[in-house]
>>> print(open('input-v2.pdb').read())   # PDB, C-alpha atoms
MODEL        1
ATOM      1  CA  MET A   1     -77.290 -19.770  56.433
ATOM      2  CA  GLU A   2     -75.052 -22.612  55.359
ATOM      3  CA  LEU A   3     -72.463 -23.882  57.783
ATOM      4  CA  ARG A   4     -68.931 -24.991  56.991
ATOM      5  CA  THR A   5     -67.685 -28.350  58.190
ATOM      6  CA  PHE A   6     -64.246 -28.895  59.673
ATOM      7  CA  TRP A   7     -62.689 -32.154  60.803
ATOM      8  CA  THR A   8     -60.531 -32.166  63.926
ATOM      9  CA  ASP A   9     -57.131 -33.823  63.696
ATOM     10  CA  THR A  10     -58.461 -36.664  65.846
ATOM     11  CA  ALA A  11     -61.379 -37.304  63.500
ATOM     12  CA  ARG A  12     -59.135 -37.189  60.424
ATOM     13  CA  TYR A  13     -56.698 -39.677  61.953
ATOM     14  CA  GLN A  14     -59.566 -41.964  62.889
ATOM     15  CA  LEU A  15     -60.918 -41.796  59.334
ATOM     16  CA  GLU A  16     -57.450 -42.646  58.001
ATOM     17  CA  ASP A  17     -57.247 -45.593  60.415
ATOM     18  CA  ILE A  18     -60.636 -46.859  59.205
ATOM     19  CA  PHE A  19     -59.439 -46.589  55.617
ATOM     20  CA  ASP A  20     -56.163 -48.384  56.337
ATOM     21  CA  TYR A  21     -57.895 -51.155  58.255
ATOM     22  CA  TYR A  22     -60.359 -51.936  55.458
ATOM     23  CA  LYS A  23     -57.692 -51.539  52.774
ATOM     24  CA  ASN A  24     -55.668 -54.272  54.490
ATOM     25  CA  LYS A  25     -58.525 -56.522  55.661
ATOM     26  CA  ALA A  26     -60.723 -56.264  52.560
ATOM     27  CA  ASN A  27     -59.529 -54.162  49.627
ATOM     28  CA  ILE A  28     -59.008 -50.554  48.601
ATOM     29  CA  ARG A  29     -62.377 -50.332  46.827
ATOM     30  CA  ILE A  30     -64.273 -51.237  49.992
ATOM     31  CA  ALA A  31     -62.114 -48.877  52.078
ATOM     32  CA  ARG A  32     -62.823 -45.962  49.726
ATOM     33  CA  LYS A  33     -66.538 -46.729  49.619
ATOM     34  CA  LEU A  34     -66.836 -46.818  53.412
ATOM     35  CA  VAL A  35     -64.888 -43.595  53.973
ATOM     36  CA  LYS A  36     -66.881 -41.874  51.229
ATOM     37  CA  ARG A  37     -70.165 -42.894  52.912
ATOM     38  CA  ILE A  38     -68.951 -41.508  56.252
ATOM     39  CA  ILE A  39     -67.945 -38.187  54.687
ATOM     40  CA  GLU A  40     -71.174 -37.909  52.693
ATOM     41  CA  ARG A  41     -73.180 -38.544  55.858
ATOM     42  CA  THR A  42     -71.686 -35.388  57.387
ATOM     43  CA  ILE A  43     -72.723 -33.238  54.412
ATOM     44  CA  GLN A  44     -76.360 -33.252  55.572
ATOM     45  CA  LEU A  45     -75.219 -31.384  58.680
ATOM     46  CA  GLU A  46     -74.455 -28.266  56.668
ATOM     47  CA  GLN A  47     -78.190 -27.892  55.980
ATOM     48  CA  ILE A  48     -79.626 -29.500  59.132
ATOM     49  CA  PRO A  49     -77.001 -29.214  61.909
ATOM     50  CA  ASN A  50     -79.256 -30.536  64.661
ATOM     51  CA  SER A  51     -80.250 -33.667  62.754
ATOM     52  CA  GLY A  52     -78.058 -35.845  64.946
ATOM     53  CA  ALA A  53     -79.043 -37.025  68.412
ATOM     54  CA  LYS A  54     -77.421 -35.483  71.491
ATOM     55  CA  GLU A  55     -74.407 -37.422  72.728
ATOM     56  CA  PRO A  56     -75.202 -38.349  76.359
ATOM     57  CA  LEU A  57     -71.600 -39.278  77.222
ATOM     58  CA  LEU A  58     -70.504 -35.692  76.488
ATOM     59  CA  SER A  59     -73.445 -33.831  78.035
ATOM     60  CA  ASN A  60     -71.242 -32.077  80.621
ATOM     61  CA  ARG A  61     -69.013 -30.399  78.019
ATOM     62  CA  LYS A  62     -68.931 -26.753  76.959
ATOM     63  CA  PHE A  63     -70.528 -27.438  73.566
ATOM     64  CA  GLU A  64     -73.566 -29.546  72.781
ATOM     65  CA  TYR A  65     -72.168 -32.655  71.149
ATOM     66  CA  ARG A  66     -74.355 -34.632  68.768
ATOM     67  CA  TYR A  67     -73.807 -37.714  66.676
ATOM     68  CA  LEU A  68     -74.792 -39.428  63.455
ATOM     69  CA  VAL A  69     -74.492 -43.107  62.669
ATOM     70  CA  GLU A  70     -73.242 -44.467  59.364
ATOM     71  CA  GLY A  71     -73.140 -48.242  59.312
ATOM     72  CA  ASN A  72     -71.158 -49.296  62.367
ATOM     73  CA  TYR A  73     -69.560 -45.864  62.765
ATOM     74  CA  LYS A  74     -70.562 -43.074  65.095
ATOM     75  CA  ILE A  75     -69.720 -39.557  63.920
ATOM     76  CA  VAL A  76     -69.527 -37.135  66.863
ATOM     77  CA  TYR A  77     -69.726 -33.398  66.159
ATOM     78  CA  TRP A  78     -70.599 -30.009  67.629
ATOM     79  CA  LYS A  79     -71.773 -26.681  66.233
ATOM     80  CA  GLU A  80     -69.853 -23.518  67.002
ATOM     81  CA  ASP A  81     -70.922 -20.197  65.446
ATOM     82  CA  ASN A  82     -71.036 -20.831  61.666
ATOM     83  CA  TYR A  83     -69.019 -24.021  61.850
ATOM     84  CA  LEU A  84     -69.617 -27.696  62.386
ATOM     85  CA  LYS A  85     -66.693 -29.560  63.839
ATOM     86  CA  ILE A  86     -66.383 -33.301  63.479
ATOM     87  CA  ALA A  87     -64.807 -34.408  66.749
ATOM     88  CA  ALA A  88     -64.508 -38.165  66.289
ATOM     89  CA  VAL A  89     -65.410 -41.137  64.119
ATOM     90  CA  PHE A  90     -65.295 -44.509  65.759
ATOM     91  CA  ASP A  91     -66.658 -48.008  65.466
ATOM     92  CA  SER A  92     -69.757 -48.197  67.643
ATOM     93  CA  ARG A  93     -69.002 -51.858  68.371
ATOM     94  CA  GLN A  94     -66.135 -50.765  70.629
ATOM     95  CA  ASN A  95     -66.418 -49.341  74.121
ATOM     96  CA  PRO A  96     -66.294 -45.506  73.991
TER      97      PRO A  96
ENDMDL
END
>>> encode(input="input-v2.pdb", output="structure tokens")
Amino acid sequence: MELRTFWTDTARYQLEDIFDYYKNKANIRIARKLVKRIIERTIQLEQIPNSGAKEPLLSNRKFEYRYLVEGNYKIVYWKEDNYLKIAAVFDSRQNP
């Protein structure tokens, strides 16, 4: 059974911030490439939802949070019924 992926508002805003940052600091081509890689990394979850490691900082939550890493970015998600929800995308060089 294939799952559908949804991005929370928080994750979408974070992805937009990543794009804006690289658009201003580098160029639009690099910003697009980075955001595309992050989005493509989440596509594997539709086939293998448990491919990410468990997120230890969120182990006391209702859902089992997991994460994937793409470059310097950590993609935090959880599975609920037939859905995958991307909770956050943030630079792993910063303090969570």
>>> atom_distance(input="input-v2.pdb", atom1="CA of Ile18 in chain A", atom2="CA of Lys36 in chain A")
11.3 Å
>>> closest_residue(input="input-v2.pdb", among="A:Trp7, A:Tyr13, A:Tyr73, A:Tyr21", to="Ala87 in chain A", atoms="only C-alpha atoms")
A:Trp7
>>> resolve_selection(input="input-v2.pdb", expression="the PyMOL selection byres ((chain A and resi 2) around 10)", output="list in words")
Met1, Leu3, Arg4, Thr5, Leu45, Glu46, Gln47, Ile48, Pro49, Asn82 and Tyr83 of chain A
>>> residues_near_point(input="input-v2.pdb", point="(-78.7, -40.5, 61.1)", cutoff="12 Å", atoms="only C-alpha atoms", output="list of chain:residue names")
A:Ile38, A:Glu40, A:Arg41, A:Thr42, A:Ile43, A:Gln44, A:Leu45, A:Ile48, A:Pro49, A:Asn50, A:Ser51, A:Gly52, A:Ala53, A:Lys54, A:Arg66, A:Tyr67, A:Leu68, A:Val69, A:Glu70, A:Gly71, A:Asn72, A:Tyr73, A:Lys74, A:Ile75, A:Val76
>>> residues_near_point(input="input-v2.pdb", point="(-63.5, -51.6, 54.6)", cutoff="12 Å", atoms="all atoms listed in the file", output="list in words")
Leu15, Glu16, Asp17, Ile18, Phe19, Asp20, Tyr21, Tyr22, Lys23, Asn24, Lys25, Ala26, Asn27, Ile28, Arg29, Ile30, Ala31, Arg32, Lys33, Leu34, Val35, Lys36, Arg37, Ile38, Gly71, Asn72, Tyr73 and Asp91 of chain A
>>> atom_distance(input="input-v2.pdb", atom1="CA of Glu55 in chain A", atom2="CA of Leu84 in chain A")
15.0 Å
>>> atom_distance(input="input-v2.pdb", atom1="CA of Trp78 in chain A", atom2="CA of Ser92 in chain A")
18.2 Å
